[in-house]
Structures are given as structure tokens and as C-alpha cells.
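Just run.txt here, compact mmCIF, C-alpha atoms:
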# COMPACT_ATOMS: atom_id res chain seq x y z
CA MET I 1 92.93 73.36 100.31
CA LYS I 2 93.70 76.71 98.69
CA PRO I 3 96.91 76.98 96.64
CA ILE I 4 99.44 79.80 96.66
CA LEU I 5 99.24 82.09 93.61
CA VAL I 6 102.66 82.68 92.00
CA LEU I 7 102.90 85.59 89.54
CA GLN I 8 105.65 85.22 86.92
CA HIS I 9 106.09 88.41 84.90
CA ALA I 10 108.58 87.15 82.30
CA HIS I 11 109.95 83.92 80.85
CA TYR I 12 113.47 84.76 82.07
CA ASP I 13 112.42 85.26 85.70
CA TRP I 14 110.90 81.95 86.66
CA PRO I 15 110.14 81.15 90.34
CA GLY I 16 113.25 78.99 90.76
CA TYR I 17 114.04 77.89 94.29
CA PHE I 18 110.75 79.27 95.65
CA THR I 19 108.59 76.71 93.86
CA ASP I 20 111.28 74.05 94.38
CA CYS I 21 110.65 74.52 98.10
CA LEU I 22 106.88 74.47 97.69
CA ILE I 23 107.10 71.22 95.71
CA ASN I 24 109.43 69.60 98.27
CA TRP I 25 107.17 70.70 101.11
CA GLU I 26 104.08 69.48 99.21
CA ILE I 27 102.41 72.90 99.29
CA PRO I 28 99.90 73.45 96.45
CA HIS I 29 100.51 76.40 94.17
CA VAL I 30 99.51 77.81 90.80
CA ILE I 31 101.96 79.68 88.55
CA VAL I 32 100.48 82.41 86.36
CA ASN I 33 103.03 83.30 83.66
CA VAL I 34 101.66 86.42 81.99
CA ALA I 35 104.46 86.30 79.39
CA ALA I 36 103.00 82.99 78.21
CA GLY I 37 99.50 84.44 77.98
CA ASP I 38 98.21 83.28 81.36
CA LEU I 39 95.59 85.51 82.96
CA LEU I 40 95.55 86.67 86.54
CA PRO I 41 92.47 85.66 88.54
CA TYR I 42 89.73 88.15 89.33
CA THR I 43 90.12 87.62 93.07
CA ILE I 44 92.88 86.57 95.46
CA THR I 45 90.43 85.03 97.93
CA ASP I 46 90.62 81.68 96.15
CA TYR I 47 94.28 81.49 97.20
CA SER I 48 96.09 81.13 100.50
CA GLY I 49 99.03 83.37 99.60
CA PHE I 50 100.38 85.58 96.81
CA ALA I 51 103.99 85.30 95.62
CA ILE I 52 105.24 87.91 93.15
CA MET I 53 108.44 87.28 91.21
CA GLY I 54 110.89 89.67 89.55
CA GLY I 55 111.17 91.21 86.09
CA ALA I 56 113.01 93.88 84.15
CA MET I 57 109.97 96.16 83.92
CA SER I 58 109.42 98.99 86.40
CA ALA I 59 106.89 98.62 89.18
CA ASN I 60 105.60 102.03 88.01
CA ASP I 61 104.95 100.98 84.40
CA GLU I 62 101.31 99.90 84.27
CA LEU I 63 100.94 101.69 80.93
CA ASN I 64 103.21 99.27 79.08
CA TYR I 65 102.43 96.29 81.31
CA PRO I 66 98.68 96.33 82.02
CA HIS I 67 98.87 93.16 84.12
CA LEU I 68 100.65 95.22 86.80
CA ALA I 69 97.42 97.12 87.47
CA GLN I 70 95.61 93.81 87.92
CA ALA I 71 98.36 92.62 90.25
CA TYR I 72 98.08 95.78 92.35
CA ALA I 73 94.33 95.17 92.69
CA LEU I 74 95.06 91.66 93.96
CA ILE I 75 97.65 93.00 96.41
CA HIS I 76 95.13 95.44 97.89
CA GLU I 77 92.55 92.68 98.13
CA ALA I 78 95.12 90.51 99.90
CA PHE I 79 95.78 93.34 102.37
CA ALA I 80 92.06 93.57 103.13
CA ASN I 81 91.77 89.82 103.69
CA ARG I 82 95.12 89.28 105.46
CA ILE I 83 96.33 86.91 102.75
CA PRO I 84 100.14 86.83 103.01
CA ILE I 85 102.20 88.29 100.15
CA ILE I 86 105.85 87.63 99.38
CA GLY I 87 107.68 89.76 96.81
CA HIS I 88 111.00 89.03 95.10
CA CYS I 89 112.87 92.08 93.69
CA LEU I 90 110.20 93.66 91.41
CA GLY I 91 107.62 91.89 93.57
CA GLY I 92 109.07 93.49 96.70
CA GLN I 93 108.98 96.90 95.03
CA MET I 94 105.34 96.34 94.06
CA LEU I 95 104.47 95.36 97.62
CA ALA I 96 106.14 98.53 98.91
CA ARG I 97 104.37 100.76 96.40
CA ALA I 98 100.95 99.18 97.03
CA ALA I 99 101.32 99.87 100.76
CA GLY I 100 102.23 103.54 100.27
CA GLY I 101 105.95 103.42 99.49
CA ILE I 102 107.69 104.84 96.42
CA VAL I 103 109.65 103.00 93.73
CA ILE I 104 112.57 105.07 92.40
CA LYS I 105 115.79 104.72 90.40
CA ALA I 106 118.46 103.31 92.68
CA PRO I 107 121.43 105.58 93.48
CA SER I 108 123.62 102.62 92.50
CA ALA I 109 122.58 99.54 90.58
CA GLU I 110 123.42 96.20 92.18
CA ILE I 111 124.36 93.18 90.08
CA GLY I 112 126.12 90.19 91.58
CA TRP I 113 126.52 88.57 94.97
CA HIS I 114 126.37 91.26 97.68
CA LYS I 115 126.54 91.25 101.45
CA VAL I 116 123.10 91.79 102.98
CA SER I 117 123.03 92.68 106.66
CA PRO I 118 119.97 92.02 108.82
CA LEU I 119 119.21 94.91 111.16
CA HIS I 120 119.81 94.34 114.85
CA THR I 121 116.13 94.07 115.69
CA ALA I 122 113.87 91.33 117.00
CA ALA I 123 111.89 91.39 113.76
CA ALA I 124 114.99 90.88 111.63
CA TYR I 125 116.13 88.01 113.86
CA ASP I 126 112.69 86.43 113.58
CA TRP I 127 112.60 86.55 109.78
CA PHE I 128 116.27 85.78 109.03
CA GLY I 129 116.85 83.38 111.91
CA GLY I 130 119.97 85.31 112.91
CA LEU I 131 121.74 88.64 112.52
CA ASN I 132 124.92 87.68 110.66
CA PRO I 133 125.47 89.25 107.22
CA VAL I 134 124.68 86.91 104.31
CA MET I 135 125.72 86.88 100.65
CA LEU I 136 122.67 87.10 98.39
CA PHE I 137 122.20 87.67 94.68
CA GLU I 138 121.13 91.08 93.37
CA TRP I 139 120.14 92.34 89.90
CA HIS I 140 118.26 95.64 90.00
CA ASN I 141 118.54 99.31 89.04
CA GLU I 142 115.47 100.54 90.91
CA THR I 143 114.69 100.46 94.60
CA TYR I 144 111.92 101.49 96.96
CA LEU I 145 111.31 103.90 99.77
CA PRO I 146 109.35 101.72 102.19
CA PRO I 147 105.81 102.49 103.31
CA PRO I 148 105.51 104.21 106.71
CA GLN I 149 104.17 101.13 108.46
CA ALA I 150 106.89 98.80 107.17
CA GLN I 151 109.26 97.01 109.53
CA LEU I 152 112.70 97.24 107.94
CA LEU I 153 114.65 93.99 108.16
CA ALA I 154 117.92 94.31 106.20
CA GLY I 155 120.13 96.55 104.07
CA SER I 156 123.33 96.51 102.03
CA LEU I 157 126.16 98.89 101.15
CA TYR I 158 124.55 100.04 97.87
CA CYS I 159 120.87 99.57 98.78
CA LEU I 160 119.57 100.76 102.13
CA ASN I 161 116.29 98.84 101.93
CA GLN I 162 116.84 95.16 101.19
CA ALA I 163 113.89 93.60 103.03
CA PHE I 164 110.83 94.63 104.99
CA SER I 165 107.74 93.10 106.53
CA LEU I 166 104.19 94.43 106.78
CA ASP I 167 101.71 93.42 109.49
CA ASP I 168 104.13 90.60 110.35
CA ILE I 169 102.70 88.50 107.48
CA HIS I 170 103.90 90.14 104.23
CA LEU I 171 107.55 90.06 103.12
CA GLY I 172 109.21 92.26 100.51
CA MET I 173 112.75 91.50 99.32
CA GLN I 174 115.02 93.45 96.98
CA PHE I 175 117.40 90.50 96.51
CA HIS I 176 116.82 87.37 94.42
CA VAL I 177 116.83 84.68 97.08
CA GLU I 178 115.04 82.36 94.62
CA ALA I 179 117.79 82.55 91.98
CA LEU I 180 119.75 79.35 91.35
CA PRO I 181 122.95 79.29 89.22
CA GLU I 182 120.96 78.10 86.18
CA LYS I 183 118.79 81.21 86.34
CA ILE I 184 121.67 83.59 87.05
CA ASN I 185 123.74 82.17 84.19
CA HIS I 186 120.74 82.56 81.86
CA TRP I 187 120.61 86.26 82.75
CA LEU I 188 124.35 86.58 82.13
CA ASP I 189 123.86 85.02 78.69
CA THR I 190 120.88 87.17 77.70
CA ALA I 191 121.31 90.54 79.44
CA ARG I 192 124.95 91.36 78.76
CA GLU I 193 124.21 95.06 78.32
CA ASP I 194 123.44 95.29 82.04
CA ILE I 195 126.98 94.30 82.99
CA GLU I 196 128.86 96.31 80.35
CA SER I 197 129.72 98.81 83.09
CA ALA I 198 130.98 96.13 85.48
CA ASN I 199 133.34 97.51 88.11
CA ASP I 200 133.45 94.56 90.56
CA GLN I 201 132.06 96.89 93.22
CA ASN I 202 128.31 97.39 92.81
CA ILE I 203 128.16 95.76 89.34
CA HIS I 204 130.19 92.57 89.16
CA SER I 205 131.75 91.06 86.06
CA GLU I 206 130.39 87.97 84.37
CA ASP I 207 133.40 85.91 85.42
CA LYS I 208 133.10 86.99 89.04
CA ILE I 209 129.38 86.21 89.17
CA ARG I 210 129.83 82.75 87.64
CA HIS I 211 132.62 82.05 90.14
CA ASP I 212 130.63 83.39 93.10
CA ASN I 213 127.62 81.24 92.20
CA TRP I 214 129.52 78.22 93.47
CA LEU I 215 130.69 80.00 96.60
CA TYR I 216 127.40 81.41 97.83
CA THR I 217 124.46 79.43 96.42
CA GLU I 218 124.30 76.92 99.27
CA GLY I 219 124.26 79.65 101.91
CA ALA I 220 121.65 81.64 99.98
CA GLN I 221 119.41 78.58 99.81
CA ALA I 222 119.59 78.26 103.59
CA VAL I 223 118.49 81.90 103.91
CA ALA I 224 115.70 81.29 101.39
CA ARG I 225 114.39 78.30 103.32
CA GLN I 226 114.39 80.34 106.53
CA LEU I 227 112.52 83.28 104.96
CA TYR I 228 110.05 81.05 103.12
CA THR I 229 109.36 78.98 106.23
CA ARG I 230 108.73 82.13 108.28
CA TRP I 231 106.40 83.54 105.61
CA LEU I 232 104.51 80.26 105.32
CA LYS I 233 103.68 80.32 109.03
CA ASN I 234 100.79 82.65 108.18
CA VAL I 235 99.72 80.90 104.98
CA VAL I 236 96.73 78.65 105.58
CA VAL I 237 96.60 76.17 102.70

Target encoding C-alpha cells, full file:
Amino acid sequence: MKPILVLQHAHYDWPGYFTDCLINWEIPHVIVNVAAGDLLPYTITDYSGFAIMGGAMSANDELNYPHLAQAYALIHEAFANRIPIIGHCLGGQMLARAAGGIVIKAPSAEIGWHKVSPLHTAAAYDWFGGLNPVMLFEWHNETYLPPPQAQLLAGSLYCLNQAFSLDDIHLGMQFHVEALPEKINHWLDTAREDIESANDQNIHSEDKIRHDNWLYTEGAQAVARQLYTRWLKNVVV
């Protein structure tokens, strides 16, 4: 039984609810935390899926983060072998770039709980399990222009491209559907400079985010379970 490979770029961006789900569903997985000195494998073929988490670094910054080049090599190998990939925030941007998209500075940063609207398409309904807008957590200042073959799934007021699928087996997300209040509050405690320009529109205040955690976490977890379940349909463990 092959496990899922989970790439953690930084101590502060742990897999959160994603691996909670894998544990509860008794799905084997291996977390590679490069910030702790873990090394990525030479091949992805020993794994049934590839999950890529978020991080403050840019998806374009292989020079300062050499492990990104290794991760891109694994992504391309996964494409060739139809091994499903799921990307969270930075991971979604990496998936887009590896498939021919472009990662750029976002016109407007998004920090806080934002309304994400699935597109009115069959693909969006399939992945999200419905077409109603949902409140999901965002923390990013870059975004992606999707690859030509991508199937767009959702967008938001400040970020046109919130989710996409590739070949019906890979999923890229701009939002942090894995983020639980513990993780979000840790970011608020350690990355205060990011919310110094809070305006309660695209960048929410610390107080608003802490309050909204209790309002929206349960609904976000339901969305996460739906997306993870749909992605896992093509993961053969």
C-alpha cells in the first residue's frame, strides 16, 4: 500500500486538517518537512498521491529555496504517471506553474475569511458538491494565472482564480482549506506585519479574524472533507 507524500515547506504551515482527515480515514501518508531537514524522495512513483502545503516563500523562488526545484521535478513526474496532486495556497500556485501557468503578485492581497464562489459548471459542482458560495480562509499576496488546460472551479472578489483542476485528478487551491483556528491564530501571533495594513475588506484585522474563526471553521471543514474526498477518488493507496 503506497502512502501519500505530504510536502511541508515551513514549520508554521503544517498540514492541519488535511492530515487529520487522512488519519481519521486510515489513509497512509508520509510528511516531509523540509524546514526540519527532511529530504524529498528521488521519485514520486513510490507514493499514491502528492500533497503540497503552503508557505510564505514565492513559487518562483527556487534560488533561495532549492527544495522547490526538487518539488517541481516530482510534480512533473506525477503528471507523467497520473499520480494525483493536491496543492494548498503555495502548493496550488506550484501546481499551476508546473503545468504552464504563471505565478504573479496578486492585485490585492487576501487575508482573512473570504467568500469563495464555485463557478456554475458541472466540474465545480462535482468538486465542491454544490454551487453555493462558501467562507474559506485566505492568506496570500501572490496568485496564479492558470495553465491553458486547467478547469477553473471557483473565484472570489479579490482573487479571480481560487481553485482549478487538471485532468480531473489534480486540484489546486488558493485558499487554506486545511487551516484550523490553532494554525490561523499562530499566524496572527507570528506574522503581524502582514496585517498592519488591515482594512477589513481584503485584509482583515486580527480581532475580526479571531472572531470569524468561530463562525466559519465548521463550514470550511465540510468543504475540506468534500474536496479531499473527491481528490482521493483517484488516489490508489

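Across the structure, atom CA of Met1 of chain I and atom CA of Thr43 of chain I are spaced 16.2 Å apart.
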
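In this model, the gap between atom CA of Gly172 of chain I and atom CA of Ile23 of chain I comes to 21.7 Å.
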
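For the atom pair formed by atom CA of Ala35 of chain I and atom CA of Ala163 of chain I, the distance is 26.5 Å, given to one decimal.
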
12 Å contact set for Tyr65 of chain I, all atoms listed in the file, chain neighbours under 3 positions out, as a ChimeraX atom specification:
/I:9-10,34-35,55-62,68-72

Next, write the just-selected residues to a file, as a PDB file, in the frame of the given file, keeping C-alpha atoms as the atom set.
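File again_18.pdb, as written:
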ATOM      1  CA  HIS I   9     106.090  88.410  84.900  1.00  0.00           C
ATOM      2  CA  ALA I  10     108.580  87.150  82.300  1.00  0.00           C
ATOM      3  CA  VAL I  34     101.660  86.420  81.990  1.00  0.00           C
ATOM      4  CA  ALA I  35     104.460  86.300  79.390  1.00  0.00           C
ATOM      5  CA  GLY I  55     111.170  91.210  86.090  1.00  0.00           C
ATOM      6  CA  ALA I  56     113.010  93.880  84.150  1.00  0.00           C
ATOM      7  CA  MET I  57     109.970  96.160  83.920  1.00  0.00           C
ATOM      8  CA  SER I  58     109.420  98.990  86.400  1.00  0.00           C
ATOM      9  CA  ALA I  59     106.890  98.620  89.180  1.00  0.00           C
ATOM     10  CA  ASN I  60     105.600 102.030  88.010  1.00  0.00           C
ATOM     11  CA  ASP I  61     104.950 100.980  84.400  1.00  0.00           C
ATOM     12  CA  GLU I  62     101.310  99.900  84.270  1.00  0.00           C
ATOM     13  CA  LEU I  68     100.650  95.220  86.800  1.00  0.00           C
ATOM     14  CA  ALA I  69      97.420  97.120  87.470  1.00  0.00           C
ATOM     15  CA  GLN I  70      95.610  93.810  87.920  1.00  0.00           C
ATOM     16  CA  ALA I  71      98.360  92.620  90.250  1.00  0.00           C
ATOM     17  CA  TYR I  72      98.080  95.780  92.350  1.00  0.00           C
TER      18      TYR I  72
END

Residues within 6 Å of Ile86 of chain I, please, as a PDB file with C-alpha atoms, in the coordinates of the input. Count only C-alpha atoms; anything in the same chain fewer than 6 positions from it doesn't count.
ATOM      1  CA  ALA I  51     103.990  85.300  95.620  1.00  0.00           C
ATOM      2  CA  HIS I 170     103.900  90.140 104.230  1.00  0.00           C
ATOM      3  CA  LEU I 171     107.550  90.060 103.120  1.00  0.00           C
ATOM      4  CA  GLY I 172     109.210  92.260 100.510  1.00  0.00           C
TER       5      GLY I 172
END

Mind dumping a table of every segment 152-188 of chain I residue within 9 Å of segment 110-117 of chain I, with the nearest atom pair and its distance in Å to one decimal, using all atoms listed in the file, sorted by chain and rising number, as a Markdown table?
| residue | atom | partner | partner_atom | distance |
| --- | --- | --- | --- | --- |
| I:Leu153 | CA | I:Ser117 | CA | 8.6 |
| I:Ala154 | CA | I:Ser117 | CA | 5.4 |
| I:Gly155 | CA | I:Ser117 | CA | 5.5 |
| I:Ser156 | CA | I:Val116 | CA | 4.8 |
| I:Leu157 | CA | I:Lys115 | CA | 7.7 |
| I:Tyr158 | CA | I:Glu110 | CA | 7.0 |
| I:Cys159 | CA | I:Glu110 | CA | 7.8 |
| I:Gln162 | CA | I:Val116 | CA | 7.3 |
| I:Phe175 | CA | I:Val116 | CA | 8.7 |

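Proximity of I:Val223, I:Leu215, I:Val103, I:Arg82 to Trp127 of chain I, computed with only C-alpha atoms, is greatest for I:Val223.
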
Of I:Leu95, I:Ile27, I:Ile44, I:Ala179, the one sitting nearest Ala80 of chain I when using all atoms listed in the file is I:Ile44

Among the residues I:Asp212, I:Glu26, I:Asp168, I:Glu182, the one that comes closest to Met135 of chain I [using only C-alpha atoms]
I:Asp212

Considering all atoms listed in the file, return as a PyMOL selection string whatever protein or nucleic-acid residues lie within 10 Å of Cys21 of chain I, sequence-local ones (same chain, fewer than 3 positions apart) excluded.
chain I and resi 16-18+24-27+178+221+224-225+228-229

If we count all atoms listed in the file and set the cut-off at 12 Å, which residues sit around Trp14 of chain I, ignoring sequence neighbours fewer than 5 positions away in its own chain? Please answer as a VMD selection string.
chain I and resid 6 to 9 19 to 20 31 to 36 51 to 55 88 176 178 to 180 182 to 184 186 to 187

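Distances to Tyr47 of chain I were evaluated for I:Ile83, I:Ala109, I:Ala198, I:Leu166 using all atoms listed in the file, and the minimum falls at I:Ile83.
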
Residues within 9 Å of Asn185 of chain I, all atoms listed in the file, excluding chain neighbours under 4 positions, as a VMD selection string:
chain I and resid 180 to 181 189 to 190 206 209 to 210 213

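Counting all atoms listed in the file and comparing I:Glu77, I:Asp46, I:Asp167, I:Glu196, the residue that lies closest to Pro148 of chain I is I:Asp167.
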
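The closest residue to Pro15 of chain I, picked from I:Val177, I:Leu63, I:Lys2, I:Ile203 and counting all atoms listed in the file, is I:Val177.
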